[in-house]
Amino acid sequence: EAQVTQNPRYLITVTGKKLTVTCSQNMNHEYMSWYRQDPGLGLRQIYYSMNVEVTDKGDVPEGYKVSRKEKRNFPLILESPSPNQTSLYFCASSLVGGGREAFFGQGTRLTVV
Amino acid sequence: SQQGEEDPQALSIQEGENATMNCSYKTSINNLQWYRQNSGRGLVHLILIRSNEREKHSGRLRVTLDTSKKSSSLLITASRAADTASYFCATDENGYSTLTFGKGTMLLVSP
């Protein structure tokens, strides 16, 4: 089954404690991205990757890091989480090029206290 | 940057009624897509319309695109309670893979 898998689904952590949210896709997609979703603000892109070892900032990259060492994986790293990073996070993947359907993971609800 | 803006923000209807949601965007686009999100879950692609198309159908969904007005509409006919979800439009401005989403319309269909 074609899917994007994120882990964990729920995470509560404390300010400053480094964490990683994993994302893996099994569709051989070149393009992967991370979004955060906040009430009243919709989905905003954090980082994206066009292919292995190629990453770039989205609209709200501050406080986040990503890596793309393998085509299937695109982890999101919060080196020093802060309460304003409490949000619902989504990983998505697609083929490269305009007009491509994006496949989304089930989301990770992160709370930073 | 926010590209699409959906209208209304929330819509409440009865089963069997039609639901219409609108999306306006700011810059020229190559494609516009509509996605659905069930409460707190991942978005699911519904339909894509290209800039040279004016209307597209898929089952109970009808999408229109007016590039002169920079707007699109999504019509769901004969709504069902299972259609209760948030609906987002998304555009790729430069023909690349990056999608910019609107803030969504929350649809509630009551039995």
# chains A, B, ... in the order shown; residues from 1 in each chain; ligands from 1
$ residues_around --residues "Ser49 (chain A)" --least-positions-apart "5" --cutoff "7 Å" --atoms "only C-alpha atoms" --output "list in words"
Tyr31, Met32, Ser33, Val54, Thr55 and Asp56 of chain A
$ closest_atom_pairs --of "chain A" --to "chain B" --cutoff "6 Å" --atoms "only C-alpha atoms" --output "JSON lines"
{"residue": "A:Gly42", "atom": "CA", "partner": "B:Lys103", "partner_atom": "CA", "distance": 4.0}
{"residue": "A:Val96", "atom": "CA", "partner": "B:Ser97", "partner_atom": "CA", "distance": 5.5}
{"residue": "A:Gly97", "atom": "CA", "partner": "B:Tyr96", "partner_atom": "CA", "distance": 4.7}
{"residue": "A:Gly98", "atom": "CA", "partner": "B:Gly95", "partner_atom": "CA", "distance": 4.2}
{"residue": "A:Gly99", "atom": "CA", "partner": "B:Asn31", "partner_atom": "CA", "distance": 5.6}
{"residue": "A:Phe104", "atom": "CA", "partner": "B:Gly42", "partner_atom": "CA", "distance": 5.4}
{"residue": "A:Gly105", "atom": "CA", "partner": "B:Gly42", "partner_atom": "CA", "distance": 5.5}
{"residue": "A:Gln106", "atom": "CA", "partner": "B:Gly42", "partner_atom": "CA", "distance": 4.4}
{"residue": "A:Gly107", "atom": "CA", "partner": "B:Gly42", "partner_atom": "CA", "distance": 5.9}
$ write_last_selection --atoms "N, CA, C and O atoms" --output "mmCIF file, in the first residue's frame"
data_model
loop_
_atom_site.group_PDB
_atom_site.id
_atom_site.type_symbol
_atom_site.label_atom_id
_atom_site.label_comp_id
_atom_site.auth_asym_id
_atom_site.auth_seq_id
_atom_site.Cartn_x
_atom_site.Cartn_y
_atom_site.Cartn_z
ATOM 1 N N GLY A 42 -3.681 27.740 8.891
ATOM 2 C CA GLY A 42 -3.617 26.762 7.816
ATOM 3 C C GLY A 42 -2.313 25.978 7.840
ATOM 4 O O GLY A 42 -1.658 25.859 8.870
ATOM 5 N N VAL A 96 8.232 14.851 -8.576
ATOM 6 C CA VAL A 96 8.682 16.219 -8.857
ATOM 7 C C VAL A 96 7.911 16.769 -10.048
ATOM 8 O O VAL A 96 7.574 16.054 -10.973
ATOM 9 N N GLY A 97 7.615 18.050 -10.003
ATOM 10 C CA GLY A 97 6.933 18.696 -11.116
ATOM 11 C C GLY A 97 5.592 19.235 -10.699
ATOM 12 O O GLY A 97 4.992 18.791 -9.721
ATOM 13 N N GLY A 98 5.103 20.219 -11.436
ATOM 14 C CA GLY A 98 3.824 20.805 -11.105
ATOM 15 C C GLY A 98 2.674 19.847 -11.343
ATOM 16 O O GLY A 98 2.759 18.927 -12.140
ATOM 17 N N GLY A 99 1.560 20.095 -10.626
ATOM 18 C CA GLY A 99 0.375 19.288 -10.827
ATOM 19 C C GLY A 99 0.474 17.872 -10.320
ATOM 20 O O GLY A 99 -0.226 16.978 -10.808
ATOM 21 N N PHE A 104 0.080 12.579 2.045
ATOM 22 C CA PHE A 104 0.383 13.051 3.383
ATOM 23 C C PHE A 104 0.446 11.918 4.390
ATOM 24 O O PHE A 104 -0.303 10.930 4.281
ATOM 25 N N GLY A 105 1.320 12.096 5.381
ATOM 26 C CA GLY A 105 1.314 11.228 6.527
ATOM 27 C C GLY A 105 0.130 11.550 7.430
ATOM 28 O O GLY A 105 -0.609 12.510 7.187
ATOM 29 N N GLN A 106 -0.020 10.776 8.488
ATOM 30 C CA GLN A 106 -1.166 10.922 9.377
ATOM 31 C C GLN A 106 -0.997 12.039 10.389
ATOM 32 O O GLN A 106 -1.932 12.366 11.109
ATOM 33 N N GLY A 107 0.171 12.603 10.440
ATOM 34 C CA GLY A 107 0.376 13.742 11.323
ATOM 35 C C GLY A 107 1.035 13.376 12.643
ATOM 36 O O GLY A 107 0.902 12.254 13.137
#
$ atom_distance --atom1 "CA of Val113 (chain A)" --atom2 "CA of Ala92 (chain A)"
26.3 Å
$ select_by_dssp --residues "chain B" --states "strand (DSSP E or B)" --output "MDAnalysis selection string"
chainID B and resid 5:7 10:14 19:24 31:37 43:50 55:58 61:66 71:76 85:92 100:101 105:110
$ atom_distance --atom1 "CA of Pro81 (chain A)" --atom2 "CA of Leu41 (chain A)"
19.9 Å
$ residues_around --residues "Gly63 (chain A)" --least-positions-apart "4" --cutoff "8 Å" --atoms "only C-alpha atoms" --output "list in words"
Leu78, Glu79, Ser80 and Pro81 of chain A
$ atom_distance --atom1 "CA of Thr5 (chain A)" --atom2 "CA of Leu88 (chain A)"
14.7 Å
$ decode --residues "region 44-82 of chain A" --atoms "N, CA and C atoms" --output "PDB file, in the first residue's frame"
ATOM      1  N   ARG A  44       1.524  25.532   6.734  1.00  0.00           N
ATOM      2  CA  ARG A  44       2.674  26.318   6.306  1.00  0.00           C
ATOM      3  C   ARG A  44       3.864  25.376   6.138  1.00  0.00           C
ATOM      4  N   GLN A  45       4.578  25.573   5.056  1.00  0.00           N
ATOM      5  CA  GLN A  45       5.682  24.677   4.740  1.00  0.00           C
ATOM      6  C   GLN A  45       6.922  25.043   5.553  1.00  0.00           C
ATOM      7  N   ILE A  46       7.564  24.021   6.111  1.00  0.00           N
ATOM      8  CA  ILE A  46       8.751  24.244   6.938  1.00  0.00           C
ATOM      9  C   ILE A  46      10.021  24.068   6.096  1.00  0.00           C
ATOM     10  N   TYR A  47      10.164  22.897   5.518  1.00  0.00           N
ATOM     11  CA  TYR A  47      11.298  22.558   4.659  1.00  0.00           C
ATOM     12  C   TYR A  47      10.808  21.619   3.574  1.00  0.00           C
ATOM     13  N   TYR A  48      11.566  21.575   2.497  1.00  0.00           N
ATOM     14  CA  TYR A  48      11.268  20.603   1.462  1.00  0.00           C
ATOM     15  C   TYR A  48      12.561  20.068   0.864  1.00  0.00           C
ATOM     16  N   SER A  49      12.406  18.970   0.141  1.00  0.00           N
ATOM     17  CA  SER A  49      13.569  18.333  -0.484  1.00  0.00           C
ATOM     18  C   SER A  49      13.170  17.848  -1.867  1.00  0.00           C
ATOM     19  N   MET A  50      13.967  18.234  -2.854  1.00  0.00           N
ATOM     20  CA  MET A  50      13.682  17.819  -4.225  1.00  0.00           C
ATOM     21  C   MET A  50      14.290  16.458  -4.545  1.00  0.00           C
ATOM     22  N   ASN A  51      15.285  16.058  -3.761  1.00  0.00           N
ATOM     23  CA  ASN A  51      15.904  14.750  -3.980  1.00  0.00           C
ATOM     24  C   ASN A  51      16.935  14.509  -2.877  1.00  0.00           C
ATOM     25  N   VAL A  52      17.585  13.390  -2.901  1.00  0.00           N
ATOM     26  CA  VAL A  52      18.577  13.063  -1.889  1.00  0.00           C
ATOM     27  C   VAL A  52      19.642  14.159  -1.824  1.00  0.00           C
ATOM     28  N   GLU A  53      19.934  14.573  -0.601  1.00  0.00           N
ATOM     29  CA  GLU A  53      20.953  15.590  -0.322  1.00  0.00           C
ATOM     30  C   GLU A  53      20.591  16.983  -0.838  1.00  0.00           C
ATOM     31  N   VAL A  54      19.339  17.187  -1.244  1.00  0.00           N
ATOM     32  CA  VAL A  54      18.885  18.504  -1.708  1.00  0.00           C
ATOM     33  C   VAL A  54      17.715  18.940  -0.849  1.00  0.00           C
ATOM     34  N   THR A  55      17.966  19.923   0.013  1.00  0.00           N
ATOM     35  CA  THR A  55      16.897  20.433   0.875  1.00  0.00           C
ATOM     36  C   THR A  55      16.865  21.953   0.780  1.00  0.00           C
ATOM     37  N   ASP A  56      15.691  22.518   1.082  1.00  0.00           N
ATOM     38  CA  ASP A  56      15.565  23.971   1.031  1.00  0.00           C
ATOM     39  C   ASP A  56      14.485  24.426   2.001  1.00  0.00           C
ATOM     40  N   LYS A  57      14.612  25.693   2.405  1.00  0.00           N
ATOM     41  CA  LYS A  57      13.690  26.255   3.383  1.00  0.00           C
ATOM     42  C   LYS A  57      12.332  26.542   2.765  1.00  0.00           C
ATOM     43  N   GLY A  58      11.305  26.331   3.583  1.00  0.00           N
ATOM     44  CA  GLY A  58       9.967  26.735   3.203  1.00  0.00           C
ATOM     45  C   GLY A  58       9.654  28.093   3.801  1.00  0.00           C
ATOM     46  N   ASP A  59       8.420  28.273   4.223  1.00  0.00           N
ATOM     47  CA  ASP A  59       8.002  29.576   4.746  1.00  0.00           C
ATOM     48  C   ASP A  59       8.361  29.803   6.209  1.00  0.00           C
ATOM     49  N   VAL A  60       8.450  28.719   6.984  1.00  0.00           N
ATOM     50  CA  VAL A  60       8.682  28.867   8.427  1.00  0.00           C
ATOM     51  C   VAL A  60       9.768  27.904   8.896  1.00  0.00           C
ATOM     52  N   PRO A  61      11.025  28.072   8.442  1.00  0.00           N
ATOM     53  CA  PRO A  61      12.078  27.100   8.760  1.00  0.00           C
ATOM     54  C   PRO A  61      12.770  27.306  10.107  1.00  0.00           C
ATOM     55  N   GLU A  62      12.566  28.466  10.754  1.00  0.00           N
ATOM     56  CA  GLU A  62      13.323  28.775  11.964  1.00  0.00           C
ATOM     57  C   GLU A  62      13.033  27.754  13.063  1.00  0.00           C
ATOM     58  N   GLY A  63      14.110  27.235  13.637  1.00  0.00           N
ATOM     59  CA  GLY A  63      13.991  26.289  14.742  1.00  0.00           C
ATOM     60  C   GLY A  63      13.917  24.835  14.300  1.00  0.00           C
ATOM     61  N   TYR A  64      14.005  24.590  13.004  1.00  0.00           N
ATOM     62  CA  TYR A  64      13.904  23.229  12.479  1.00  0.00           C
ATOM     63  C   TYR A  64      15.125  22.893  11.623  1.00  0.00           C
ATOM     64  N   LYS A  65      15.410  21.604  11.544  1.00  0.00           N
ATOM     65  CA  LYS A  65      16.409  21.089  10.627  1.00  0.00           C
ATOM     66  C   LYS A  65      15.847  19.853   9.959  1.00  0.00           C
ATOM     67  N   VAL A  66      16.359  19.561   8.769  1.00  0.00           N
ATOM     68  CA  VAL A  66      15.971  18.336   8.076  1.00  0.00           C
ATOM     69  C   VAL A  66      17.214  17.722   7.460  1.00  0.00           C
ATOM     70  N   SER A  67      17.073  16.472   7.048  1.00  0.00           N
ATOM     71  CA  SER A  67      18.138  15.824   6.285  1.00  0.00           C
ATOM     72  C   SER A  67      17.483  14.873   5.293  1.00  0.00           C
ATOM     73  N   ARG A  68      18.191  14.616   4.201  1.00  0.00           N
ATOM     74  CA  ARG A  68      17.658  13.673   3.202  1.00  0.00           C
ATOM     75  C   ARG A  68      18.821  12.820   2.712  1.00  0.00           C
ATOM     76  N   LYS A  69      19.152  11.840   3.523  1.00  0.00           N
ATOM     77  CA  LYS A  69      20.270  10.939   3.196  1.00  0.00           C
ATOM     78  C   LYS A  69      19.819   9.780   2.312  1.00  0.00           C
ATOM     79  N   GLU A  70      18.564   9.445   2.426  1.00  0.00           N
ATOM     80  CA  GLU A  70      17.994   8.383   1.597  1.00  0.00           C
ATOM     81  C   GLU A  70      16.733   8.920   0.956  1.00  0.00           C
ATOM     82  N   LYS A  71      16.370   8.370  -0.177  1.00  0.00           N
ATOM     83  CA  LYS A  71      15.207   8.876  -0.903  1.00  0.00           C
ATOM     84  C   LYS A  71      13.926   8.701  -0.110  1.00  0.00           C
ATOM     85  N   ARG A  72      13.807   7.631   0.630  1.00  0.00           N
ATOM     86  CA  ARG A  72      12.541   7.332   1.280  1.00  0.00           C
ATOM     87  C   ARG A  72      12.332   8.073   2.597  1.00  0.00           C
ATOM     88  N   ASN A  73      13.390   8.576   3.214  1.00  0.00           N
ATOM     89  CA  ASN A  73      13.290   9.150   4.557  1.00  0.00           C
ATOM     90  C   ASN A  73      13.575  10.643   4.589  1.00  0.00           C
ATOM     91  N   PHE A  74      12.819  11.344   5.409  1.00  0.00           N
ATOM     92  CA  PHE A  74      12.989  12.801   5.499  1.00  0.00           C
ATOM     93  C   PHE A  74      12.651  13.217   6.931  1.00  0.00           C
ATOM     94  N   PRO A  75      13.575  13.026   7.859  1.00  0.00           N
ATOM     95  CA  PRO A  75      13.278  13.350   9.259  1.00  0.00           C
ATOM     96  C   PRO A  75      13.285  14.852   9.528  1.00  0.00           C
ATOM     97  N   LEU A  76      12.452  15.247  10.475  1.00  0.00           N
ATOM     98  CA  LEU A  76      12.383  16.640  10.938  1.00  0.00           C
ATOM     99  C   LEU A  76      12.995  16.691  12.327  1.00  0.00           C
ATOM    100  N   ILE A  77      13.955  17.579  12.492  1.00  0.00           N
ATOM    101  CA  ILE A  77      14.705  17.660  13.742  1.00  0.00           C
ATOM    102  C   ILE A  77      14.436  19.006  14.406  1.00  0.00           C
ATOM    103  N   LEU A  78      14.085  18.946  15.688  1.00  0.00           N
ATOM    104  CA  LEU A  78      13.972  20.161  16.493  1.00  0.00           C
ATOM    105  C   LEU A  78      15.099  20.106  17.512  1.00  0.00           C
ATOM    106  N   GLU A  79      16.131  20.908  17.288  1.00  0.00           N
ATOM    107  CA  GLU A  79      17.333  20.848  18.132  1.00  0.00           C
ATOM    108  C   GLU A  79      17.037  21.332  19.549  1.00  0.00           C
ATOM    109  N   SER A  80      16.253  22.380  19.678  1.00  0.00           N
ATOM    110  CA  SER A  80      15.920  22.936  20.992  1.00  0.00           C
ATOM    111  C   SER A  80      14.471  23.424  20.946  1.00  0.00           C
ATOM    112  N   PRO A  81      13.529  22.505  21.104  1.00  0.00           N
ATOM    113  CA  PRO A  81      12.115  22.868  20.946  1.00  0.00           C
ATOM    114  C   PRO A  81      11.676  23.951  21.923  1.00  0.00           C
ATOM    115  N   SER A  82      10.773  24.776  21.451  1.00  0.00           N
ATOM    116  CA  SER A  82      10.188  25.808  22.304  1.00  0.00           C
ATOM    117  C   SER A  82       8.660  25.696  22.232  1.00  0.00           C
TER     118      SER A  82
END
